[in-house]
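Peer 1: Structure file coords07.pdb, PDB, C-alpha atoms, pLDDT in the B column, is pasted below:
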ATOM      1  CA  MET A   1     -59.006 -72.711 -12.066  1.00 77.00           C
ATOM      2  CA  GLN A   2     -57.436 -69.243 -11.947  1.00 76.00           C
ATOM      3  CA  VAL A   3     -56.017 -69.794  -8.462  1.00 82.00           C
ATOM      4  CA  LEU A   4     -54.599 -73.208  -9.377  1.00 86.00           C
ATOM      5  CA  SER A   5     -53.027 -71.733 -12.521  1.00 82.00           C
ATOM      6  CA  ARG A   6     -51.370 -68.960 -10.478  1.00 81.00           C
ATOM      7  CA  VAL A   7     -49.968 -71.488  -7.983  1.00 88.00           C
ATOM      8  CA  LEU A   8     -48.570 -73.670 -10.763  1.00 86.00           C
ATOM      9  CA  SER A   9     -47.145 -70.629 -12.532  1.00 83.00           C
ATOM     10  CA  TYR A  10     -45.253 -69.775  -9.345  1.00 84.00           C
ATOM     11  CA  ALA A  11     -43.977 -73.347  -9.198  1.00 87.00           C
ATOM     12  CA  VAL A  12     -42.546 -72.864 -12.707  1.00 83.00           C
ATOM     13  CA  ASP A  13     -41.030 -69.436 -12.049  1.00 78.00           C
ATOM     14  CA  PRO A  14     -39.357 -68.584  -9.701  1.00 82.00           C
ATOM     15  CA  LEU A  15     -39.338 -71.965  -7.897  1.00 82.00           C
ATOM     16  CA  GLY A  16     -38.359 -74.073 -10.905  1.00 82.00           C
ATOM     17  CA  ALA A  17     -40.158 -77.021  -9.294  1.00 86.00           C
ATOM     18  CA  ILE A  18     -42.006 -78.044 -12.470  1.00 87.00           C
ATOM     19  CA  ALA A  19     -41.241 -77.590 -16.163  1.00 81.00           C
ATOM     20  CA  GLY A  20     -44.549 -76.091 -17.263  1.00 80.00           C
ATOM     21  CA  ASN A  21     -48.004 -75.006 -16.180  1.00 82.00           C
ATOM     22  CA  PRO A  22     -50.511 -77.754 -17.121  1.00 83.00           C
ATOM     23  CA  CYS A  23     -53.418 -75.315 -16.706  1.00 79.00           C
ATOM     24  CA  GLU A  24     -52.357 -73.187 -19.667  1.00 73.00           C
ATOM     25  CA  GLY A  25     -54.570 -73.732 -22.696  1.00 68.00           C
ATOM     26  CA  ILE A  26     -57.452 -75.407 -20.844  1.00 71.00           C
ATOM     27  CA  LYS A  27     -60.731 -74.043 -22.166  1.00 65.00           C
ATOM     28  CA  ARG A  28     -63.174 -72.482 -19.734  1.00 62.00           C
ATOM     29  CA  LEU A  29     -66.586 -74.071 -19.220  1.00 59.00           C
ATOM     30  CA  TYR A  30     -68.481 -70.793 -19.311  1.00 47.00           C
ATOM     31  CA  SER A  31     -68.809 -67.806 -21.567  1.00 53.00           C
ATOM     32  CA  ALA A  32     -69.863 -64.317 -20.653  1.00 54.00           C
ATOM     33  CA  ASN A  33     -71.200 -61.360 -22.578  1.00 52.00           C
ATOM     34  CA  ARG A  34     -69.393 -58.294 -21.297  1.00 53.00           C
ATOM     35  CA  SER A  35     -70.675 -56.015 -24.055  1.00 47.00           C
ATOM     36  CA  GLU A  36     -71.745 -53.206 -21.722  1.00 52.00           C
ATOM     37  CA  ILE A  37     -68.533 -53.255 -19.694  1.00 69.00           C
ATOM     38  CA  ILE A  38     -65.891 -50.830 -20.898  1.00 76.00           C
ATOM     39  CA  TRP A  39     -63.228 -48.771 -19.155  1.00 87.00           C
ATOM     40  CA  THR A  40     -64.044 -45.084 -18.877  1.00 85.00           C
ATOM     41  CA  ASN A  41     -61.333 -42.426 -19.119  1.00 87.00           C
ATOM     42  CA  SER A  42     -61.748 -41.908 -15.374  1.00 91.00           C
ATOM     43  CA  ASP A  43     -61.158 -45.622 -14.695  1.00 93.00           C
ATOM     44  CA  ILE A  44     -58.027 -45.628 -16.835  1.00 94.00           C
ATOM     45  CA  ASP A  45     -56.651 -42.474 -15.198  1.00 95.00           C
ATOM     46  CA  GLN A  46     -57.310 -43.898 -11.742  1.00 95.00           C
ATOM     47  CA  LEU A  47     -55.414 -47.082 -12.582  1.00 96.00           C
ATOM     48  CA  THR A  48     -52.439 -45.536 -14.372  1.00 95.00           C
ATOM     49  CA  ARG A  49     -51.862 -42.865 -11.692  1.00 94.00           C
ATOM     50  CA  SER A  50     -50.820 -45.499  -9.173  1.00 93.00           C
ATOM     51  CA  CYS A  51     -49.681 -48.554 -11.154  1.00 95.00           C
ATOM     52  CA  ALA A  52     -46.140 -49.457 -12.190  1.00 96.00           C
ATOM     53  CA  PRO A  53     -45.009 -48.041 -15.555  1.00 96.00           C
ATOM     54  CA  GLU A  54     -44.735 -51.572 -16.952  1.00 97.00           C
ATOM     55  CA  VAL A  55     -48.444 -52.175 -16.303  1.00 97.00           C
ATOM     56  CA  ALA A  56     -49.385 -48.730 -17.639  1.00 97.00           C
ATOM     57  CA  HIS A  57     -47.529 -49.474 -20.876  1.00 97.00           C
ATOM     58  CA  ALA A  58     -49.591 -52.634 -21.398  1.00 97.00           C
ATOM     59  CA  VAL A  59     -52.846 -50.782 -20.677  1.00 97.00           C
ATOM     60  CA  ALA A  60     -51.950 -48.049 -23.175  1.00 96.00           C
ATOM     61  CA  LEU A  61     -51.100 -50.548 -25.905  1.00 96.00           C
ATOM     62  CA  ALA A  62     -54.303 -52.501 -25.275  1.00 95.00           C
ATOM     63  CA  LEU A  63     -56.359 -49.310 -25.593  1.00 94.00           C
ATOM     64  CA  HIS A  64     -54.648 -48.225 -28.795  1.00 95.00           C
ATOM     65  CA  THR A  65     -54.418 -51.599 -30.571  1.00 94.00           C
ATOM     66  CA  GLY A  66     -57.341 -53.724 -29.371  1.00 90.00           C
ATOM     67  CA  LEU A  67     -55.046 -56.764 -29.223  1.00 92.00           C
ATOM     68  CA  ARG A  68     -55.719 -59.648 -26.860  1.00 90.00           C
ATOM     69  CA  LEU A  69     -53.379 -59.959 -23.891  1.00 93.00           C
ATOM     70  CA  GLY A  70     -51.626 -63.029 -25.295  1.00 92.00           C
ATOM     71  CA  ASP A  71     -50.856 -61.212 -28.550  1.00 93.00           C
ATOM     72  CA  LEU A  72     -49.824 -58.020 -26.735  1.00 95.00           C
ATOM     73  CA  LEU A  73     -47.271 -59.876 -24.637  1.00 95.00           C
ATOM     74  CA  LYS A  74     -45.772 -61.432 -27.785  1.00 94.00           C
ATOM     75  CA  LEU A  75     -45.644 -58.138 -29.669  1.00 96.00           C
ATOM     76  CA  SER A  76     -42.062 -57.336 -30.674  1.00 96.00           C
ATOM     77  CA  TRP A  77     -40.418 -54.243 -32.081  1.00 97.00           C
ATOM     78  CA  SER A  78     -39.941 -56.151 -35.329  1.00 96.00           C
ATOM     79  CA  HIS A  79     -43.740 -56.191 -35.807  1.00 96.00           C
ATOM     80  CA  LEU A  80     -43.635 -52.425 -36.325  1.00 96.00           C
ATOM     81  CA  GLY A  81     -43.518 -51.357 -39.956  1.00 94.00           C
ATOM     82  CA  ASP A  82     -43.374 -47.872 -41.399  1.00 94.00           C
ATOM     83  CA  ASP A  83     -47.132 -47.393 -41.267  1.00 95.00           C
ATOM     84  CA  ALA A  84     -48.624 -50.283 -39.291  1.00 95.00           C
ATOM     85  CA  ILE A  85     -48.175 -53.044 -36.742  1.00 95.00           C
ATOM     86  CA  ILE A  86     -48.758 -56.420 -38.385  1.00 93.00           C
ATOM     87  CA  ILE A  87     -49.041 -59.490 -36.165  1.00 92.00           C
ATOM     88  CA  SER A  88     -50.684 -62.875 -36.628  1.00 88.00           C
ATOM     89  CA  THR A  89     -53.252 -63.485 -33.905  1.00 83.00           C
ATOM     90  CA  GLY A  90     -53.025 -66.373 -31.496  1.00 76.00           C
ATOM     91  CA  LYS A  91     -56.750 -67.076 -31.265  1.00 68.00           C
ATOM     92  CA  SER A  92     -56.923 -67.624 -35.039  1.00 61.00           C
ATOM     93  CA  LYS A  93     -53.984 -70.042 -34.687  1.00 68.00           C
ATOM     94  CA  HIS A  94     -52.003 -67.457 -36.664  1.00 68.00           C
ATOM     95  CA  ARG A  95     -54.196 -67.802 -39.765  1.00 72.00           C
ATOM     96  CA  ARG A  96     -55.245 -64.146 -39.576  1.00 79.00           C
ATOM     97  CA  GLU A  97     -53.293 -60.952 -39.090  1.00 86.00           C
ATOM     98  CA  ALA A  98     -54.152 -57.841 -37.120  1.00 89.00           C
ATOM     99  CA  ILE A  99     -53.105 -54.781 -39.120  1.00 90.00           C
ATOM    100  CA  ILE A 100     -53.017 -51.753 -36.845  1.00 94.00           C
ATOM    101  CA  PRO A 101     -52.191 -48.391 -38.427  1.00 94.00           C
ATOM    102  CA  LEU A 102     -49.533 -46.454 -36.539  1.00 96.00           C
ATOM    103  CA  TYR A 103     -51.677 -43.405 -35.848  1.00 95.00           C
ATOM    104  CA  ASP A 104     -50.350 -40.553 -33.705  1.00 95.00           C
ATOM    105  CA  ASP A 105     -51.662 -41.696 -30.313  1.00 95.00           C
ATOM    106  CA  LEU A 106     -50.338 -45.226 -30.858  1.00 96.00           C
ATOM    107  CA  ARG A 107     -46.931 -43.898 -31.918  1.00 96.00           C
ATOM    108  CA  ALA A 108     -46.853 -41.776 -28.745  1.00 96.00           C
ATOM    109  CA  ALA A 109     -47.719 -44.808 -26.593  1.00 96.00           C
ATOM    110  CA  LEU A 110     -44.930 -46.829 -28.213  1.00 97.00           C
ATOM    111  CA  ALA A 111     -42.444 -43.963 -27.869  1.00 97.00           C
ATOM    112  CA  SER A 112     -43.033 -43.927 -24.097  1.00 96.00           C
ATOM    113  CA  ILE A 113     -41.921 -47.579 -23.752  1.00 96.00           C
ATOM    114  CA  PRO A 114     -38.160 -48.120 -23.235  1.00 95.00           C
ATOM    115  CA  ARG A 115     -36.518 -50.672 -25.544  1.00 94.00           C
ATOM    116  CA  ARG A 116     -35.264 -53.268 -23.085  1.00 93.00           C
ATOM    117  CA  SER A 117     -35.830 -56.399 -25.130  1.00 95.00           C
ATOM    118  CA  PRO A 118     -36.888 -57.552 -28.619  1.00 96.00           C
ATOM    119  CA  ILE A 119     -40.342 -57.914 -26.967  1.00 97.00           C
ATOM    120  CA  ILE A 120     -42.060 -54.560 -26.432  1.00 97.00           C
ATOM    121  CA  LEU A 121     -43.707 -55.191 -23.057  1.00 97.00           C
ATOM    122  CA  THR A 122     -41.384 -56.249 -20.234  1.00 96.00           C
ATOM    123  CA  ASN A 123     -41.641 -56.466 -16.454  1.00 95.00           C
ATOM    124  CA  SER A 124     -39.567 -54.553 -13.910  1.00 93.00           C
ATOM    125  CA  LYS A 125     -36.753 -57.094 -14.368  1.00 93.00           C
ATOM    126  CA  ARG A 126     -36.636 -56.206 -18.077  1.00 93.00           C
ATOM    127  CA  CYS A 127     -37.910 -59.673 -19.007  1.00 94.00           C
ATOM    128  CA  PRO A 128     -40.989 -60.480 -21.130  1.00 94.00           C
ATOM    129  CA  TRP A 129     -44.183 -61.084 -19.179  1.00 95.00           C
ATOM    130  CA  THR A 130     -46.021 -64.391 -19.063  1.00 93.00           C
ATOM    131  CA  VAL A 131     -49.818 -64.197 -19.149  1.00 93.00           C
ATOM    132  CA  ASN A 132     -50.022 -65.356 -15.535  1.00 92.00           C
ATOM    133  CA  SER A 133     -47.324 -63.037 -14.190  1.00 94.00           C
ATOM    134  CA  PHE A 134     -48.916 -60.057 -15.911  1.00 95.00           C
ATOM    135  CA  GLY A 135     -52.355 -61.092 -14.661  1.00 93.00           C
ATOM    136  CA  SER A 136     -51.075 -61.100 -11.077  1.00 93.00           C
ATOM    137  CA  ALA A 137     -49.421 -57.689 -11.504  1.00 95.00           C
ATOM    138  CA  PHE A 138     -52.555 -56.249 -13.087  1.00 95.00           C
ATOM    139  CA  ASP A 139     -54.774 -57.545 -10.280  1.00 93.00           C
ATOM    140  CA  ARG A 140     -52.458 -55.966  -7.705  1.00 94.00           C
ATOM    141  CA  ALA A 141     -52.515 -52.670  -9.632  1.00 95.00           C
ATOM    142  CA  LYS A 142     -56.324 -52.671  -9.725  1.00 94.00           C
ATOM    143  CA  LYS A 143     -56.487 -53.265  -5.995  1.00 93.00           C
ATOM    144  CA  ALA A 144     -53.927 -50.550  -5.244  1.00 94.00           C
ATOM    145  CA  ALA A 145     -55.884 -48.105  -7.408  1.00 94.00           C
ATOM    146  CA  GLY A 146     -59.095 -48.776  -5.501  1.00 93.00           C
ATOM    147  CA  LEU A 147     -60.720 -50.525  -8.460  1.00 92.00           C
ATOM    148  CA  ASP A 148     -60.769 -54.007  -6.983  1.00 84.00           C
ATOM    149  CA  ASP A 149     -64.522 -53.915  -6.416  1.00 82.00           C
ATOM    150  CA  ARG A 150     -65.225 -52.881 -10.011  1.00 81.00           C
ATOM    151  CA  ASN A 151     -66.246 -55.523 -12.522  1.00 83.00           C
ATOM    152  CA  LEU A 152     -63.466 -54.546 -14.921  1.00 89.00           C
ATOM    153  CA  HIS A 153     -61.059 -56.993 -16.519  1.00 91.00           C
ATOM    154  CA  PHE A 154     -57.997 -56.398 -18.674  1.00 93.00           C
ATOM    155  CA  HIS A 155     -59.858 -58.082 -21.540  1.00 88.00           C
ATOM    156  CA  ASP A 156     -62.470 -55.325 -21.356  1.00 88.00           C
ATOM    157  CA  LEU A 157     -59.842 -52.916 -22.696  1.00 90.00           C
ATOM    158  CA  ARG A 158     -60.319 -54.720 -26.015  1.00 85.00           C
ATOM    159  CA  GLY A 159     -63.976 -53.769 -26.065  1.00 80.00           C
ATOM    160  CA  THR A 160     -62.997 -50.246 -25.060  1.00 85.00           C
ATOM    161  CA  ALA A 161     -60.588 -50.036 -28.006  1.00 87.00           C
ATOM    162  CA  CYS A 162     -63.287 -51.324 -30.349  1.00 84.00           C
ATOM    163  CA  THR A 163     -65.676 -48.678 -29.034  1.00 80.00           C
ATOM    164  CA  ARG A 164     -63.102 -45.959 -29.638  1.00 84.00           C
ATOM    165  CA  PHE A 165     -62.436 -47.151 -33.181  1.00 87.00           C
ATOM    166  CA  TYR A 166     -66.152 -47.276 -33.946  1.00 83.00           C
ATOM    167  CA  VAL A 167     -67.035 -43.870 -32.531  1.00 78.00           C
ATOM    168  CA  SER A 168     -64.068 -42.404 -34.421  1.00 83.00           C
ATOM    169  CA  GLY A 169     -65.940 -43.296 -37.598  1.00 81.00           C
ATOM    170  CA  LEU A 170     -64.004 -46.373 -38.734  1.00 86.00           C
ATOM    171  CA  SER A 171     -66.022 -48.850 -40.771  1.00 84.00           C
ATOM    172  CA  GLU A 172     -66.712 -52.369 -39.589  1.00 84.00           C
ATOM    173  CA  ARG A 173     -64.426 -53.724 -42.326  1.00 86.00           C
ATOM    174  CA  VAL A 174     -61.514 -51.566 -41.168  1.00 89.00           C
ATOM    175  CA  ILE A 175     -62.074 -52.486 -37.517  1.00 87.00           C
ATOM    176  CA  ALA A 176     -62.055 -56.155 -38.528  1.00 85.00           C
ATOM    177  CA  GLU A 177     -58.665 -55.687 -40.193  1.00 85.00           C
ATOM    178  CA  ILE A 178     -57.249 -53.795 -37.215  1.00 88.00           C
ATOM    179  CA  MET A 179     -58.406 -56.308 -34.629  1.00 82.00           C
ATOM    180  CA  GLY A 180     -57.855 -59.462 -36.659  1.00 80.00           C
ATOM    181  CA  TRP A 181     -61.504 -60.506 -36.747  1.00 73.00           C
ATOM    182  CA  GLU A 182     -63.353 -62.346 -39.497  1.00 73.00           C
ATOM    183  CA  GLU A 183     -64.976 -59.709 -41.690  1.00 72.00           C
ATOM    184  CA  GLU A 184     -68.198 -61.655 -42.119  1.00 72.00           C
ATOM    185  CA  THR A 185     -68.759 -61.769 -38.372  1.00 66.00           C
ATOM    186  CA  VAL A 186     -67.517 -58.307 -37.441  1.00 70.00           C
ATOM    187  CA  ALA A 187     -71.006 -56.763 -37.230  1.00 74.00           C
ATOM    188  CA  ARG A 188     -72.036 -59.361 -34.651  1.00 73.00           C
ATOM    189  CA  ILE A 189     -68.831 -58.904 -32.680  1.00 68.00           C
ATOM    190  CA  ILE A 190     -69.208 -55.132 -32.648  1.00 71.00           C
ATOM    191  CA  ARG A 191     -72.771 -55.489 -31.337  1.00 73.00           C
ATOM    192  CA  ARG A 192     -71.361 -57.636 -28.565  1.00 71.00           C
ATOM    193  CA  TYR A 193     -68.393 -55.503 -27.574  1.00 67.00           C
ATOM    194  CA  VAL A 194     -69.230 -51.908 -28.445  1.00 71.00           C
ATOM    195  CA  ASP A 195     -70.982 -49.859 -25.806  1.00 66.00           C
ATOM    196  CA  ARG A 196     -74.531 -49.220 -27.072  1.00 70.00           C
ATOM    197  CA  THR A 197     -74.693 -45.589 -25.994  1.00 72.00           C
ATOM    198  CA  ALA A 198     -71.426 -44.783 -27.726  1.00 70.00           C
ATOM    199  CA  ALA A 199     -72.516 -46.619 -30.856  1.00 71.00           C
ATOM    200  CA  THR A 200     -75.826 -44.726 -30.968  1.00 76.00           C
ATOM    201  CA  GLN A 201     -74.022 -41.409 -30.585  1.00 75.00           C
ATOM    202  CA  ALA A 202     -71.660 -42.331 -33.424  1.00 73.00           C
ATOM    203  CA  VAL A 203     -74.583 -43.143 -35.720  1.00 75.00           C
ATOM    204  CA  LEU A 204     -76.283 -39.832 -34.812  1.00 80.00           C
ATOM    205  CA  ARG A 205     -73.133 -37.903 -35.703  1.00 76.00           C
ATOM    206  CA  GLN A 206     -72.887 -39.687 -39.052  1.00 74.00           C
ATOM    207  CA  LEU A 207     -76.562 -39.025 -39.834  1.00 83.00           C
ATOM    208  CA  ASN A 208     -76.308 -35.360 -38.869  1.00 85.00           C
ATOM    209  CA  ARG A 209     -73.262 -34.903 -41.103  1.00 80.00           C
ATOM    210  CA  LYS A 210     -75.131 -36.447 -43.999  1.00 70.00           C
TER     211      LYS A 210
END
For the structure just supplied, provide its representation as structure tokens.
Peer 2:
Amino acid sequence: MQVLSRVLSYAVDPLGAIAGNPCEGIKRLYSANRSEIIWTNSDIDQLTRSCAPEVAHAVALALHTGLRLGDLLKLSWSHLGDDAIIISTGKSKHRREAIIPLYDDLRAALASIPRRSPIILTNSKRCPWTVNSFGSAFDRAKKAAGLDDRNLHFHDLRGTACTRFYVSGLSERVIAEIMGWEEETVARIIRRYVDRTAATQAVLRQLNRK
């Protein structure tokens, strides 16, 4: 399915042979629990040392916002307010909003991205990415960085961001607001995505403070 989608994406752009990619939006037949799979600081450093700046910008924003790739690639400068990024999430069919405070590290990540377009993330041609074109660039960057044999996906950066938010002491309610999740299911989602060791260490710190 992935290979066919990439081929059809190429037929759309740059070939212009077909009008659209019929594979986009088709649901997958499997689901996977990747709760224990997060990017370490070493993994991230290894990738960003060798990848193109345009890929590094996307990685940094994923780590600091927890947004899904589809929402990241649609993120525009107009979504930035004085204190927060506010964007309706695609998976919720835009019924819910992710509200991401503009904390210092996120502001620094945004400041490092040149303003080439109304859309924040652009490719080397200064055009917005498509999901497929970014996926191909990210796969090439992983391979070039020597991470091709690692079971790490771009989507796992979302779990990494969630882990960072949780170990920083943010409540489940606040994380739900930041990541655009349903509040009533956030505890289950955190159990799925947050690294268990990190979560245990966060609880120990909270208990010791109390």
Peer 1: Determine, counting only C-alpha atoms, which protein, DNA and RNA residues have an atom within 12 Å of an atom of Phe165 in chain A; residues of the same chain fewer than 2 positions away are not included. Present the result as a PyMOL selection string.
Peer 2: chain A and resi 63-66+100-101+103+158-163+167-179+190+193-195+198-199+202
Peer 1: Under the PyMOL selection byres ((chain A and resi 152) around 8), which residues of this model are included? Write them out as a PyMOL selection string.
Peer 2: chain A and resi 37-39+150-151+153-154+156
Peer 1: For Phe138 in chain A, which of A:Asp104, A:Asp83, A:Glu182, A:Glu54 is the closest residue, counting only C-alpha atoms?
Peer 2: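 The closest residue to Phe138 in chain A is A:Glu54.
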Peer 1: For this file, the PyMOL selection byres ((chain A and resi 144) around 12) selects which residues, as a list in words?
Peer 2: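 So the PyMOL selection byres ((chain A and resi 144) around 12) ends up selecting Gln46, Leu47, Thr48, Arg49, Ser50, Cys51, Ala52, Ala137, Phe138, Asp139, Arg140, Ala141, Lys142, Lys143, Ala145, Gly146, Leu147, Asp148 and Asp149 of chain A.
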Peer 1: Could you work out how far CA of Gly20 in chain A lies from CA of Arg6 in chain A, giving the answer in Å with one decimal?
Peer 2: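 Taking CA of Arg6 in chain A and CA of Gly20 in chain A, their separation equals 12.0 Å.
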Peer 1: Write out as lines of an AutoDock Vina configuration file an axis-aligned box for range 89-108 of chain A: all of its atoms listed in the file, 5 Å added on each side, centre and edge lengths in Å with one decimal.
Peer 2:
center_x = -51.9
center_y = -55.3
center_z = -34.3
size_x = 20.1
size_y = 39.5
size_z = 21.0
Peer 1: Applying 12 Å and all atoms listed in the file, which residues near Thr130 in chain A remain after dropping the ones on its own chain fewer than 2 positions away? List them as a tab-separated table (two decimals) with C-alpha atoms, in the coordinates of the input.
Peer 2:
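Generated output (selection.tsv):
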chain	number	residue	atom	x	y	z
A	6	ARG	CA	-51.37	-68.96	-10.48
A	9	SER	CA	-47.14	-70.63	-12.53
A	10	TYR	CA	-45.25	-69.78	-9.35
A	12	VAL	CA	-42.55	-72.86	-12.71
A	13	ASP	CA	-41.03	-69.44	-12.05
A	20	GLY	CA	-44.55	-76.09	-17.26
A	21	ASN	CA	-48.00	-75.01	-16.18
A	24	GLU	CA	-52.36	-73.19	-19.67
A	69	LEU	CA	-53.38	-59.96	-23.89
A	70	GLY	CA	-51.63	-63.03	-25.30
A	71	ASP	CA	-50.86	-61.21	-28.55
A	72	LEU	CA	-49.82	-58.02	-26.74
A	73	LEU	CA	-47.27	-59.88	-24.64
A	74	LYS	CA	-45.77	-61.43	-27.78
A	119	ILE	CA	-40.34	-57.91	-26.97
A	121	LEU	CA	-43.71	-55.19	-23.06
A	122	THR	CA	-41.38	-56.25	-20.23
A	123	ASN	CA	-41.64	-56.47	-16.45
A	127	CYS	CA	-37.91	-59.67	-19.01
A	128	PRO	CA	-40.99	-60.48	-21.13
A	132	ASN	CA	-50.02	-65.36	-15.54
A	133	SER	CA	-47.32	-63.04	-14.19
A	134	PHE	CA	-48.92	-60.06	-15.91
A	135	GLY	CA	-52.36	-61.09	-14.66
A	136	SER	CA	-51.08	-61.10	-11.08
A	137	ALA	CA	-49.42	-57.69	-11.50
Peer 1: Taking all atoms listed in the file into account, name the residue in A:Ser88, A:Trp129, A:Ala60, A:Leu75 that is nearest to Arg107 in chain A.
Peer 2: A:Ala60
